[in-house]
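J.: You'll find structure28.cif just under this line, and it carries mmCIF, C-alpha atoms.
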data_query
#
loop_
_atom_site.label_atom_id
_atom_site.label_comp_id
_atom_site.auth_asym_id
_atom_site.auth_seq_id
_atom_site.Cartn_x
_atom_site.Cartn_y
_atom_site.Cartn_z
CA MET Z 1 15.23 -9.57 12.11
CA ASN Z 2 12.45 -11.86 10.87
CA ARG Z 3 9.37 -10.63 9.02
CA ARG Z 4 7.12 -10.68 12.08
CA GLU Z 5 9.60 -8.64 14.08
CA TYR Z 6 9.92 -6.27 11.13
CA LEU Z 7 6.18 -5.68 11.01
CA LYS Z 8 5.99 -5.19 14.76
CA LYS Z 9 8.82 -2.66 14.81
CA SER Z 10 7.73 0.80 15.90
CA PHE Z 11 7.37 3.27 13.02
CA ALA Z 12 8.51 6.61 14.41
CA GLY Z 13 7.21 8.71 11.56
CA ALA Z 14 3.78 7.13 11.24
CA ALA Z 15 2.13 9.85 13.30
CA VAL Z 16 2.73 12.43 10.57
CA LEU Z 17 0.73 10.89 7.75
CA GLY Z 18 0.04 7.28 8.74
CA ALA Z 19 -1.66 6.86 12.07
CA ALA Z 20 -2.54 10.54 12.42
CA SER Z 21 -4.16 10.93 9.00
CA LEU Z 22 -6.41 7.94 9.66
CA GLY Z 23 -7.24 8.98 13.21
CA LEU Z 24 -5.45 5.97 14.68
CA PRO Z 25 -3.30 5.77 17.82
CA SER Z 26 0.45 5.41 17.39
CA SER Z 27 0.31 1.86 18.79
CA SER Z 28 -2.10 0.76 16.05
CA PHE Z 29 -1.74 -1.10 12.77
CA ALA Z 30 -0.57 2.01 10.92
CA ALA Z 31 2.43 2.28 13.23
CA LYS Z 32 3.43 -1.36 12.70
CA VAL Z 33 3.96 -1.44 8.93
CA ALA Z 34 6.62 0.01 6.64
CA ALA Z 35 8.98 0.29 9.61
CA ASP Z 36 12.05 1.38 7.63
CA THR Z 37 10.54 4.39 5.84
CA TRP Z 38 11.55 7.00 8.44
CA ARG Z 39 15.19 7.77 9.12
CA ASP Z 40 17.13 10.77 10.41
CA GLY Z 41 14.12 13.04 10.44
CA GLN Z 42 12.77 12.33 6.97
CA TYR Z 43 10.96 9.71 4.94
CA VAL Z 44 13.11 7.33 2.92
CA LEU Z 45 12.56 4.69 0.27
CA PRO Z 46 12.17 1.28 1.97
CA GLU Z 47 14.39 -1.52 0.77
CA LEU Z 48 12.71 -4.49 -0.86
CA LYS Z 49 12.98 -7.83 0.91
CA TYR Z 50 13.54 -9.59 -2.42
CA ALA Z 51 15.34 -8.99 -5.73
CA TYR Z 52 13.68 -7.07 -8.54
CA ASP Z 53 13.37 -10.26 -10.58
CA ALA Z 54 12.01 -12.36 -7.70
CA LEU Z 55 8.37 -11.97 -8.73
CA GLU Z 56 8.92 -13.16 -12.31
CA PRO Z 57 7.04 -14.19 -14.39
CA HIS Z 58 4.07 -12.48 -12.74
CA ILE Z 59 5.66 -9.04 -12.36
CA ASP Z 60 8.74 -8.37 -14.45
CA ALA Z 61 12.07 -7.14 -13.11
CA GLN Z 62 12.22 -3.99 -15.24
CA THR Z 63 8.81 -2.83 -14.02
CA MET Z 64 9.75 -3.60 -10.41
CA GLU Z 65 12.98 -1.62 -10.64
CA LEU Z 66 11.37 1.40 -12.28
CA HIS Z 67 8.35 1.27 -10.02
CA HIS Z 68 10.37 1.03 -6.81
CA SER Z 69 13.49 3.08 -7.51
CA ARG Z 70 11.90 5.88 -9.55
CA HIS Z 71 8.14 6.12 -9.01
CA HIS Z 72 8.16 5.37 -5.29
CA GLN Z 73 11.27 7.50 -4.79
CA ALA Z 74 9.41 10.39 -6.41
CA TYR Z 75 6.64 10.06 -3.82
CA VAL Z 76 9.19 10.06 -1.01
CA ASN Z 77 10.83 13.18 -2.44
CA GLY Z 78 7.48 14.87 -2.95
CA LEU Z 79 6.36 14.07 0.59
CA ASN Z 80 9.52 15.39 2.19
CA ASN Z 81 9.38 18.53 0.08
CA ALA Z 82 5.72 19.19 0.91
CA LEU Z 83 6.33 18.76 4.63
CA SER Z 84 9.32 21.10 4.39
CA LYS Z 85 7.19 23.74 2.69
CA LEU Z 86 4.49 23.41 5.34
CA ALA Z 87 7.13 23.83 8.06
CA GLU Z 88 8.39 26.93 6.24
CA ALA Z 89 4.85 28.30 6.14
CA ARG Z 90 4.57 27.94 9.89
CA GLU Z 91 7.91 29.63 10.44
CA THR Z 92 7.07 32.60 8.20
CA ASN Z 93 3.36 32.67 9.02
CA ASP Z 94 2.71 32.70 5.27
CA PHE Z 95 -0.10 30.24 4.55
CA SER Z 96 -1.07 31.74 1.19
CA ILE Z 97 -0.57 28.42 -0.65
CA VAL Z 98 -1.20 26.03 2.23
CA LYS Z 99 -3.93 24.32 0.19
CA HIS Z 100 -1.40 23.36 -2.48
CA TRP Z 101 1.17 21.92 -0.09
CA SER Z 102 -1.51 20.14 1.93
CA ARG Z 103 -2.68 18.43 -1.24
CA GLU Z 104 0.89 17.59 -2.16
CA SER Z 105 1.57 16.04 1.24
CA ALA Z 106 -1.63 13.97 1.03
CA PHE Z 107 -0.96 12.79 -2.52
CA HIS Z 108 2.70 11.92 -2.06
CA GLY Z 109 2.10 10.59 1.45
CA GLY Z 110 -0.67 8.34 0.18
CA GLY Z 111 1.60 7.08 -2.59
CA HIS Z 112 4.48 6.51 -0.21
CA PHE Z 113 2.58 4.52 2.42
CA LEU Z 114 0.49 2.47 0.00
CA HIS Z 115 3.59 1.55 -1.98
CA ALA Z 116 5.49 0.64 1.19
CA MET Z 117 2.73 -1.82 2.08
CA PHE Z 118 2.38 -2.98 -1.55
CA TRP Z 119 6.02 -4.14 -1.61
CA GLU Z 120 5.60 -5.80 1.78
CA ILE Z 121 2.59 -7.97 0.95
CA MET Z 122 4.20 -9.42 -2.20
CA SER Z 123 6.63 -12.32 -2.14
CA PRO Z 124 8.06 -14.99 -4.45
CA ASN Z 125 6.51 -17.41 -1.94
CA GLY Z 126 3.04 -15.93 -2.34
CA SER Z 127 -0.15 -17.21 -3.98
CA GLY Z 128 -2.48 -19.87 -2.66
CA GLU Z 129 -4.98 -19.12 0.11
CA PRO Z 130 -4.54 -17.76 3.64
CA ARG Z 131 -3.28 -20.38 6.08
CA ASP Z 132 -4.02 -18.24 9.12
CA THR Z 133 -7.34 -19.24 10.69
CA MET Z 134 -8.28 -15.73 11.88
CA LEU Z 135 -7.73 -14.16 8.47
CA ARG Z 136 -9.42 -17.02 6.62
CA ASN Z 137 -12.47 -16.79 8.89
CA ALA Z 138 -12.63 -13.02 8.47
CA ILE Z 139 -12.55 -13.34 4.68
CA ASN Z 140 -15.26 -16.02 4.72
CA ARG Z 141 -17.41 -13.96 7.08
CA SER Z 142 -17.02 -10.78 5.05
CA PHE Z 143 -17.17 -12.12 1.49
CA GLY Z 144 -18.78 -15.53 1.78
CA SER Z 145 -15.65 -17.35 0.67
CA PHE Z 146 -12.09 -16.74 -0.46
CA ASP Z 147 -13.25 -17.13 -4.05
CA GLY Z 148 -15.92 -14.51 -3.40
CA PHE Z 149 -13.24 -12.14 -2.11
CA LYS Z 150 -11.01 -12.73 -5.14
CA ARG Z 151 -13.82 -12.10 -7.61
CA HIS Z 152 -14.86 -8.93 -5.77
CA PHE Z 153 -11.29 -7.64 -5.37
CA LYS Z 154 -10.38 -8.26 -9.01
CA ALA Z 155 -13.57 -6.66 -10.30
CA ALA Z 156 -13.13 -3.56 -8.13
CA SER Z 157 -9.46 -3.22 -9.08
CA ASN Z 158 -10.17 -3.62 -12.78
CA ALA Z 159 -12.96 -1.04 -12.60
CA VAL Z 160 -10.86 1.78 -11.08
CA GLU Z 161 -11.22 4.70 -13.47
CA GLY Z 162 -7.85 5.97 -14.65
CA SER Z 163 -5.18 5.69 -11.98
CA GLY Z 164 -5.56 4.37 -8.47
CA TRP Z 165 -5.67 1.30 -6.26
CA GLY Z 166 -7.83 -1.68 -5.44
CA ILE Z 167 -7.79 -2.25 -1.67
CA MET Z 168 -8.98 -4.83 0.83
CA ALA Z 169 -9.11 -3.23 4.25
CA TYR Z 170 -10.18 -3.90 7.83
CA GLU Z 171 -13.15 -1.82 8.99
CA PRO Z 172 -12.96 -1.58 12.80
CA ASN Z 173 -16.55 -0.53 13.53
CA SER Z 174 -18.04 -3.72 12.09
CA GLY Z 175 -14.93 -5.88 12.41
CA ASN Z 176 -15.41 -6.88 8.77
CA LEU Z 177 -13.15 -6.72 5.77
CA VAL Z 178 -14.18 -4.47 2.88
CA VAL Z 179 -13.04 -3.94 -0.70
CA HIS Z 180 -12.94 -0.43 -2.05
CA GLN Z 181 -11.25 1.67 -4.68
CA ALA Z 182 -8.93 4.65 -4.31
CA GLU Z 183 -9.02 6.52 -7.57
CA ARG Z 184 -6.74 9.08 -5.99
CA GLN Z 185 -4.21 7.70 -3.54
CA SER Z 186 -4.68 10.75 -1.32
CA ASP Z 187 -8.21 9.55 -0.65
CA LEU Z 188 -8.65 6.10 0.89
CA THR Z 189 -12.45 6.49 0.46
CA LEU Z 190 -13.36 4.98 3.84
CA TRP Z 191 -11.16 6.94 6.21
CA VAL Z 192 -11.47 4.62 9.17
CA THR Z 193 -10.28 1.52 7.32
CA ARG Z 194 -6.81 -0.04 7.56
CA PRO Z 195 -5.48 -1.32 4.21
CA LEU Z 196 -4.31 -4.94 4.17
CA VAL Z 197 -4.10 -5.90 0.50
CA MET Z 198 -3.55 -3.23 -2.11
CA VAL Z 199 -2.82 -3.46 -5.83
CA ASP Z 200 -1.46 -0.49 -7.74
CA VAL Z 201 -3.43 -0.18 -10.98
CA TRP Z 202 -1.67 2.92 -12.26
CA GLU Z 203 -0.30 2.05 -15.70
CA HIS Z 204 3.31 2.40 -14.54
CA ALA Z 205 2.73 -0.71 -12.40
CA TYR Z 206 2.05 -3.01 -15.34
CA TYR Z 207 2.27 -1.40 -18.79
CA LEU Z 208 5.71 -2.68 -19.82
CA ARG Z 209 4.51 -6.28 -19.71
CA TYR Z 210 0.73 -6.15 -19.85
CA GLN Z 211 0.08 -2.98 -21.89
CA ASN Z 212 -3.66 -2.29 -21.52
CA ARG Z 213 -4.46 -5.75 -20.10
CA ARG Z 214 -5.05 -4.62 -16.52
CA GLY Z 215 -7.17 -7.64 -15.69
CA GLU Z 216 -4.33 -10.00 -16.59
CA TYR Z 217 -1.97 -8.00 -14.40
CA VAL Z 218 -4.37 -8.12 -11.42
CA ASP Z 219 -4.73 -11.89 -11.90
CA ASN Z 220 -0.95 -12.23 -11.77
CA PHE Z 221 -0.68 -9.93 -8.77
CA MET Z 222 -2.86 -12.38 -6.85
CA GLU Z 223 -0.22 -15.04 -7.55
CA VAL Z 224 2.40 -13.18 -5.50
CA VAL Z 225 0.35 -12.04 -2.49
CA ASP Z 226 2.01 -13.33 0.68
CA TRP Z 227 -0.97 -14.24 2.84
CA ASP Z 228 1.22 -14.89 5.88
CA VAL Z 229 2.23 -11.22 5.85
CA VAL Z 230 -1.37 -10.14 5.27
CA ALA Z 231 -2.37 -12.26 8.26
CA GLU Z 232 0.15 -10.45 10.46
CA MET Z 233 -1.16 -7.10 9.27
CA TYR Z 234 -4.73 -8.24 9.88
CA GLU Z 235 -3.86 -9.31 13.41
CA ALA Z 236 -2.29 -5.89 14.11
CA ALA Z 237 -5.26 -4.06 12.60
CA ALA Z 238 -7.89 -6.13 14.45
CA SER Z 239 -6.10 -6.02 17.80
CA ALA Z 240 -5.96 -2.22 17.66
CA GLY Z 241 -9.75 -2.15 18.01
#
Would you put the structure from the file into structure tokens?
T.:
Amino acid sequence: MNRREYLKKSFAGAAVLGAASLGLPSSSFAAKVAADTWRDGQYVLPELKYAYDALEPHIDAQTMELHHSRHHQAYVNGLNNALSKLAEARETNDFSIVKHWSRESAFHGGGHFLHAMFWEIMSPNGSGEPRDTMLRNAINRSFGSFDGFKRHFKAASNAVEGSGWGIMAYEPNSGNLVVHQAERQSDLTLWVTRPLVMVDVWEHAYYLRYQNRRGEYVDNFMEVVDWDVVAEMYEAAASAG
């Protein structure tokens, strides 16, 4: 299965926290990404399409392994557990701590889906500028130029307070691309948007190599963005209306 077919594959579990949580139909962008994260009735850790050391020297192998196999796995576990507890609440009609498990499902679900896309948009063949005309035109229209986008995206990502994400997303009402911050991954800030480029700026994503030099890490992240994949995601997001 090639990458385009992978991205187009139907995501059976997206309706639970992907498409449904953003108010999107199951045929939309949210149902076309992270296709291998739902299996046998539960969420699972997606496999990377490259080795842990493939993004060296920009992102080191030890960080990639810990980030993927431990941190992301913890979100998967937390999401499955929260959904199990919510199902139990329905069965017993005991919703006394529904607020807690709803928050848990949002937090771990946000972490799971953002990480699944984060792995997907990175590649050892990344960097450069978008080759796809539609994506390049959208970036120029929305930010003035690709350089304008990069400066905006880096500044927003570096300015996230504490833990969170810098995100470039498609906003369907205007048809433009926007950059925003998610200082809690359970809150995508602009609920209608569809994330296309996301950088994890929690310290676990970069501290082993970059310590407190977040800006250097974000600069290096931009060197591994696979714009061909982003273009496919943009096409799916824009075509969904």
J.: Please evaluate the PyMOL selection byres ((chain Z and resi 203-217) around 8) against the structure above and give the resulting residues as a ChimeraX atom specification.
T.: /Z:58-60,63-64,67,154,158,163,200-202,218-221
J.: From the list Z:Ser127, Z:Gln181, Z:Met117, Z:Pro172, which residue is nearest Met233 of chain Z when using only C-alpha atoms?
T.: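 Among the listed residues, Z:Met117 lies closest to Met233 of chain Z.
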J.: Find the spatial neighbours of Gly111 of chain Z, counting only C-alpha atoms, within a cut-off of 8 Å - ignore same-chain residues fewer than 2 positions away - and output them as a short mmCIF file (atom, residue, chain, number, x, y, z; two decimals) with C-alpha atoms, in the frame of the given file.
T.:
data_model
loop_
_atom_site.label_atom_id
_atom_site.label_comp_id
_atom_site.auth_asym_id
_atom_site.auth_seq_id
_atom_site.Cartn_x
_atom_site.Cartn_y
_atom_site.Cartn_z
CA HIS Z 72 8.16 5.37 -5.29
CA TYR Z 75 6.64 10.06 -3.82
CA PHE Z 107 -0.96 12.79 -2.52
CA HIS Z 108 2.70 11.92 -2.06
CA GLY Z 109 2.10 10.59 1.45
CA PHE Z 113 2.58 4.52 2.42
CA LEU Z 114 0.49 2.47 0.00
CA HIS Z 115 3.59 1.55 -1.98
CA GLN Z 185 -4.21 7.70 -3.54
CA SER Z 186 -4.68 10.75 -1.32
#
J.: Would you write out, as a Markdown table, a table of all residues in segment 80-185 of chain Z that have an atom no more than 9 Å from an atom of segment 35-57 of chain Z, listing for each the closest atom pair and the distance in Å to one decimal, considering all atoms listed in the file and ordering rows by chain and rising residue number?
T.:
| residue | atom | partner | partner_atom | distance |
| --- | --- | --- | --- | --- |
| Z:Asn80 | CA | Z:Tyr43 | CA | 6.5 |
| Z:His112 | CA | Z:Leu45 | CA | 8.3 |
| Z:Phe113 | CA | Z:Thr37 | CA | 8.7 |
| Z:Ala116 | CA | Z:Pro46 | CA | 6.8 |
| Z:Trp119 | CA | Z:Leu48 | CA | 6.7 |
| Z:Glu120 | CA | Z:Leu48 | CA | 7.7 |
| Z:Met122 | CA | Z:Leu55 | CA | 8.2 |
| Z:Ser123 | CA | Z:Leu55 | CA | 6.8 |
| Z:Pro124 | CA | Z:Leu55 | CA | 5.2 |
| Z:Asn125 | CA | Z:Leu55 | CA | 8.9 |
J.: On this structure, the PyMOL selection byres ((chain Z and resi 176) around 12) would catch which residues? List them as a list in words, sorted by chain and number.
T.: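 Listing what the PyMOL selection byres ((chain Z and resi 176) around 12) selects in the shown file: Met134, Leu135, Arg136, Asn137, Ala138, Ile139, Asn140, Arg141, Ser142, Phe143, Gly144, Met168, Ala169, Tyr170, Glu171, Pro172, Asn173, Ser174, Gly175, Leu177, Val178, Val179, Thr193, Arg194, Tyr234, Ala237, Ala238 and Gly241 of chain Z.
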J.: For the residues in the current selection, export C-alpha atoms as an mmCIF file, in the coordinates of the input.
T.:
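Produced file out.cif, reproduced below:
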data_model
loop_
_atom_site.group_PDB
_atom_site.id
_atom_site.type_symbol
_atom_site.label_atom_id
_atom_site.label_comp_id
_atom_site.auth_asym_id
_atom_site.auth_seq_id
_atom_site.Cartn_x
_atom_site.Cartn_y
_atom_site.Cartn_z
ATOM 1 C CA MET Z 134 -8.280 -15.730 11.880
ATOM 2 C CA LEU Z 135 -7.730 -14.160 8.470
ATOM 3 C CA ARG Z 136 -9.420 -17.020 6.620
ATOM 4 C CA ASN Z 137 -12.470 -16.790 8.890
ATOM 5 C CA ALA Z 138 -12.630 -13.020 8.470
ATOM 6 C CA ILE Z 139 -12.550 -13.340 4.680
ATOM 7 C CA ASN Z 140 -15.260 -16.020 4.720
ATOM 8 C CA ARG Z 141 -17.410 -13.960 7.080
ATOM 9 C CA SER Z 142 -17.020 -10.780 5.050
ATOM 10 C CA PHE Z 143 -17.170 -12.120 1.490
ATOM 11 C CA GLY Z 144 -18.780 -15.530 1.780
ATOM 12 C CA MET Z 168 -8.980 -4.830 0.830
ATOM 13 C CA ALA Z 169 -9.110 -3.230 4.250
ATOM 14 C CA TYR Z 170 -10.180 -3.900 7.830
ATOM 15 C CA GLU Z 171 -13.150 -1.820 8.990
ATOM 16 C CA PRO Z 172 -12.960 -1.580 12.800
ATOM 17 C CA ASN Z 173 -16.550 -0.530 13.530
ATOM 18 C CA SER Z 174 -18.040 -3.720 12.090
ATOM 19 C CA GLY Z 175 -14.930 -5.880 12.410
ATOM 20 C CA LEU Z 177 -13.150 -6.720 5.770
ATOM 21 C CA VAL Z 178 -14.180 -4.470 2.880
ATOM 22 C CA VAL Z 179 -13.040 -3.940 -0.700
ATOM 23 C CA THR Z 193 -10.280 1.520 7.320
ATOM 24 C CA ARG Z 194 -6.810 -0.040 7.560
ATOM 25 C CA TYR Z 234 -4.730 -8.240 9.880
ATOM 26 C CA ALA Z 237 -5.260 -4.060 12.600
ATOM 27 C CA ALA Z 238 -7.890 -6.130 14.450
ATOM 28 C CA GLY Z 241 -9.750 -2.150 18.010
#
J.: Using all atoms listed in the file, can you tell me which of Z:Met222, Z:Ala240, Z:Val160, Z:Val197 comes closest to Asp147 of chain Z?
T.: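 For Asp147 of chain Z, the nearest of the candidates is Z:Met222.
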J.: Report as a count of residues only the residues that result from applying the PyMOL selection byres ((chain Z and resi 128) around 9) to the structure here.
T.: 11
J.: What does the distance between atom CA of Glu88 of chain Z and atom CA of Ser69 of chain Z come to in Å, to one decimal place?
T.: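 Separating atom CA of Glu88 of chain Z from atom CA of Ser69 of chain Z is a distance of 28.0 Å.
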J.: Here's a test: counting all atoms listed in the file, identify every protein, DNA and RNA residue with an atom at most 6 Å from (-3.9, 0.0, -6.6) in the file's coordinate frame, and state them as a ChimeraX atom specification.
T.: /Z:164-166,198-201
J.: Could you check how far atom CA of Asn81 of chain Z sits from atom CA of Val98 of chain Z, in Å to one decimal?
T.: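 Computing the Euclidean distance for atom CA of Asn81 of chain Z and atom CA of Val98 of chain Z yields 13.1 Å.
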J.: What is the atom CA of Pro195 of chain Z to atom CA of His180 of chain Z distance in Å?
T.: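 Value for the atom CA of Pro195 of chain Z-atom CA of His180 of chain Z distance: 9.8 Å.
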J.: Could I get segment 196-207 of chain Z rebuilt with all heavy atoms, written as a PDB file, in the frame of the given file?
T.:
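Dumped to selection.pdb:
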ATOM      1  N   LEU Z 196      -5.022  -3.686   3.962  1.00  0.00           N
ATOM      2  CA  LEU Z 196      -4.310  -4.940   4.170  1.00  0.00           C
ATOM      3  C   LEU Z 196      -3.760  -5.512   2.874  1.00  0.00           C
ATOM      4  O   LEU Z 196      -2.658  -6.048   2.836  1.00  0.00           O
ATOM      5  CB  LEU Z 196      -5.243  -5.975   4.819  1.00  0.00           C
ATOM      6  CG  LEU Z 196      -5.856  -5.597   6.168  1.00  0.00           C
ATOM      7  CD1 LEU Z 196      -6.842  -6.681   6.603  1.00  0.00           C
ATOM      8  CD2 LEU Z 196      -4.770  -5.413   7.218  1.00  0.00           C
ATOM      9  N   VAL Z 197      -4.541  -5.453   1.819  1.00  0.00           N
ATOM     10  CA  VAL Z 197      -4.100  -5.900   0.500  1.00  0.00           C
ATOM     11  C   VAL Z 197      -4.376  -4.764  -0.464  1.00  0.00           C
ATOM     12  O   VAL Z 197      -5.500  -4.264  -0.529  1.00  0.00           O
ATOM     13  CB  VAL Z 197      -4.839  -7.173   0.036  1.00  0.00           C
ATOM     14  CG1 VAL Z 197      -4.409  -7.559  -1.381  1.00  0.00           C
ATOM     15  CG2 VAL Z 197      -4.590  -8.328   1.003  1.00  0.00           C
ATOM     16  N   MET Z 198      -3.362  -4.332  -1.190  1.00  0.00           N
ATOM     17  CA  MET Z 198      -3.550  -3.230  -2.110  1.00  0.00           C
ATOM     18  C   MET Z 198      -2.804  -3.532  -3.413  1.00  0.00           C
ATOM     19  O   MET Z 198      -1.681  -4.022  -3.401  1.00  0.00           O
ATOM     20  CB  MET Z 198      -3.047  -1.901  -1.514  1.00  0.00           C
ATOM     21  CG  MET Z 198      -1.580  -1.835  -1.144  1.00  0.00           C
ATOM     22  SD  MET Z 198      -1.090  -2.935   0.197  1.00  0.00           S
ATOM     23  CE  MET Z 198      -2.104  -2.344   1.537  1.00  0.00           C
ATOM     24  N   VAL Z 199      -3.466  -3.269  -4.531  1.00  0.00           N
ATOM     25  CA  VAL Z 199      -2.820  -3.460  -5.830  1.00  0.00           C
ATOM     26  C   VAL Z 199      -2.805  -2.127  -6.554  1.00  0.00           C
ATOM     27  O   VAL Z 199      -3.827  -1.450  -6.677  1.00  0.00           O
ATOM     28  CB  VAL Z 199      -3.532  -4.550  -6.665  1.00  0.00           C
ATOM     29  CG1 VAL Z 199      -4.999  -4.230  -6.935  1.00  0.00           C
ATOM     30  CG2 VAL Z 199      -2.777  -4.773  -7.985  1.00  0.00           C
ATOM     31  N   ASP Z 200      -1.640  -1.736  -6.993  1.00  0.00           N
ATOM     32  CA  ASP Z 200      -1.460  -0.490  -7.740  1.00  0.00           C
ATOM     33  C   ASP Z 200      -1.920  -0.726  -9.167  1.00  0.00           C
ATOM     34  O   ASP Z 200      -1.364  -1.563  -9.874  1.00  0.00           O
ATOM     35  CB  ASP Z 200       0.023  -0.102  -7.707  1.00  0.00           C
ATOM     36  CG  ASP Z 200       0.287   1.275  -8.283  1.00  0.00           C
ATOM     37  OD1 ASP Z 200      -0.636   1.863  -8.882  1.00  0.00           O
ATOM     38  OD2 ASP Z 200       1.431   1.766  -8.147  1.00  0.00           O
ATOM     39  N   VAL Z 201      -2.956  -0.014  -9.610  1.00  0.00           N
ATOM     40  CA  VAL Z 201      -3.430  -0.180 -10.980  1.00  0.00           C
ATOM     41  C   VAL Z 201      -3.136   1.061 -11.836  1.00  0.00           C
ATOM     42  O   VAL Z 201      -3.761   1.266 -12.872  1.00  0.00           O
ATOM     43  CB  VAL Z 201      -4.927  -0.551 -11.034  1.00  0.00           C
ATOM     44  CG1 VAL Z 201      -5.135  -1.952 -10.486  1.00  0.00           C
ATOM     45  CG2 VAL Z 201      -5.811   0.445 -10.292  1.00  0.00           C
ATOM     46  N   TRP Z 202      -2.194   1.892 -11.375  1.00  0.00           N
ATOM     47  CA  TRP Z 202      -1.670   2.920 -12.260  1.00  0.00           C
ATOM     48  C   TRP Z 202      -0.902   2.203 -13.372  1.00  0.00           C
ATOM     49  O   TRP Z 202      -0.275   1.167 -13.138  1.00  0.00           O
ATOM     50  CB  TRP Z 202      -0.737   3.860 -11.510  1.00  0.00           C
ATOM     51  CG  TRP Z 202      -1.386   4.721 -10.468  1.00  0.00           C
ATOM     52  CD1 TRP Z 202      -2.264   4.330  -9.517  1.00  0.00           C
ATOM     53  CD2 TRP Z 202      -1.191   6.118 -10.292  1.00  0.00           C
ATOM     54  NE1 TRP Z 202      -2.631   5.392  -8.744  1.00  0.00           N
ATOM     55  CE2 TRP Z 202      -1.990   6.503  -9.187  1.00  0.00           C
ATOM     56  CE3 TRP Z 202      -0.422   7.082 -10.951  1.00  0.00           C
ATOM     57  CZ2 TRP Z 202      -2.045   7.823  -8.735  1.00  0.00           C
ATOM     58  CZ3 TRP Z 202      -0.473   8.397 -10.482  1.00  0.00           C
ATOM     59  CH2 TRP Z 202      -1.278   8.757  -9.406  1.00  0.00           C
ATOM     60  N   GLU Z 203      -0.911   2.753 -14.562  1.00  0.00           N
ATOM     61  CA  GLU Z 203      -0.300   2.050 -15.700  1.00  0.00           C
ATOM     62  C   GLU Z 203       1.188   1.796 -15.506  1.00  0.00           C
ATOM     63  O   GLU Z 203       1.722   0.828 -16.038  1.00  0.00           O
ATOM     64  CB  GLU Z 203      -0.546   2.821 -16.991  1.00  0.00           C
ATOM     65  CG  GLU Z 203      -1.995   2.742 -17.453  1.00  0.00           C
ATOM     66  CD  GLU Z 203      -2.209   3.384 -18.810  1.00  0.00           C
ATOM     67  OE1 GLU Z 203      -1.336   4.175 -19.252  1.00  0.00           O
ATOM     68  OE2 GLU Z 203      -3.244   3.102 -19.437  1.00  0.00           O
ATOM     69  N   HIS Z 204       1.874   2.638 -14.721  1.00  0.00           N
ATOM     70  CA  HIS Z 204       3.310   2.400 -14.540  1.00  0.00           C
ATOM     71  C   HIS Z 204       3.574   1.087 -13.820  1.00  0.00           C
ATOM     72  O   HIS Z 204       4.688   0.578 -13.860  1.00  0.00           O
ATOM     73  CB  HIS Z 204       3.965   3.574 -13.775  1.00  0.00           C
ATOM     74  CG  HIS Z 204       3.496   3.765 -12.372  1.00  0.00           C
ATOM     75  ND1 HIS Z 204       2.902   4.935 -11.939  1.00  0.00           N
ATOM     76  CD2 HIS Z 204       3.535   2.970 -11.291  1.00  0.00           C
ATOM     77  CE1 HIS Z 204       2.603   4.841 -10.656  1.00  0.00           C
ATOM     78  NE2 HIS Z 204       2.979   3.638 -10.236  1.00  0.00           N
ATOM     79  N   ALA Z 205       2.547   0.528 -13.160  1.00  0.00           N
ATOM     80  CA  ALA Z 205       2.730  -0.710 -12.400  1.00  0.00           C
ATOM     81  C   ALA Z 205       2.697  -1.950 -13.296  1.00  0.00           C
ATOM     82  O   ALA Z 205       3.108  -3.030 -12.845  1.00  0.00           O
ATOM     83  CB  ALA Z 205       1.649  -0.832 -11.331  1.00  0.00           C
ATOM     84  N   TYR Z 206       2.214  -1.803 -14.535  1.00  0.00           N
ATOM     85  CA  TYR Z 206       2.050  -3.010 -15.340  1.00  0.00           C
ATOM     86  C   TYR Z 206       2.229  -2.849 -16.846  1.00  0.00           C
ATOM     87  O   TYR Z 206       2.291  -3.833 -17.588  1.00  0.00           O
ATOM     88  CB  TYR Z 206       0.656  -3.611 -15.096  1.00  0.00           C
ATOM     89  CG  TYR Z 206      -0.514  -2.720 -15.476  1.00  0.00           C
ATOM     90  CD1 TYR Z 206      -1.047  -2.722 -16.756  1.00  0.00           C
ATOM     91  CD2 TYR Z 206      -1.117  -1.885 -14.533  1.00  0.00           C
ATOM     92  CE1 TYR Z 206      -2.125  -1.924 -17.097  1.00  0.00           C
ATOM     93  CE2 TYR Z 206      -2.191  -1.084 -14.851  1.00  0.00           C
ATOM     94  CZ  TYR Z 206      -2.703  -1.108 -16.134  1.00  0.00           C
ATOM     95  OH  TYR Z 206      -3.775  -0.308 -16.466  1.00  0.00           O
ATOM     96  N   TYR Z 207       2.378  -1.609 -17.347  1.00  0.00           N
ATOM     97  CA  TYR Z 207       2.270  -1.400 -18.790  1.00  0.00           C
ATOM     98  C   TYR Z 207       3.392  -2.036 -19.589  1.00  0.00           C
ATOM     99  O   TYR Z 207       3.188  -2.468 -20.723  1.00  0.00           O
ATOM    100  CB  TYR Z 207       2.180   0.102 -19.103  1.00  0.00           C
ATOM    101  CG  TYR Z 207       1.528   0.365 -20.443  1.00  0.00           C
ATOM    102  CD1 TYR Z 207       0.144   0.375 -20.554  1.00  0.00           C
ATOM    103  CD2 TYR Z 207       2.293   0.569 -21.587  1.00  0.00           C
ATOM    104  CE1 TYR Z 207      -0.470   0.588 -21.773  1.00  0.00           C
ATOM    105  CE2 TYR Z 207       1.682   0.787 -22.814  1.00  0.00           C
ATOM    106  CZ  TYR Z 207       0.301   0.793 -22.907  1.00  0.00           C
ATOM    107  OH  TYR Z 207      -0.298   0.988 -24.111  1.00  0.00           O
TER     108      TYR Z 207
END
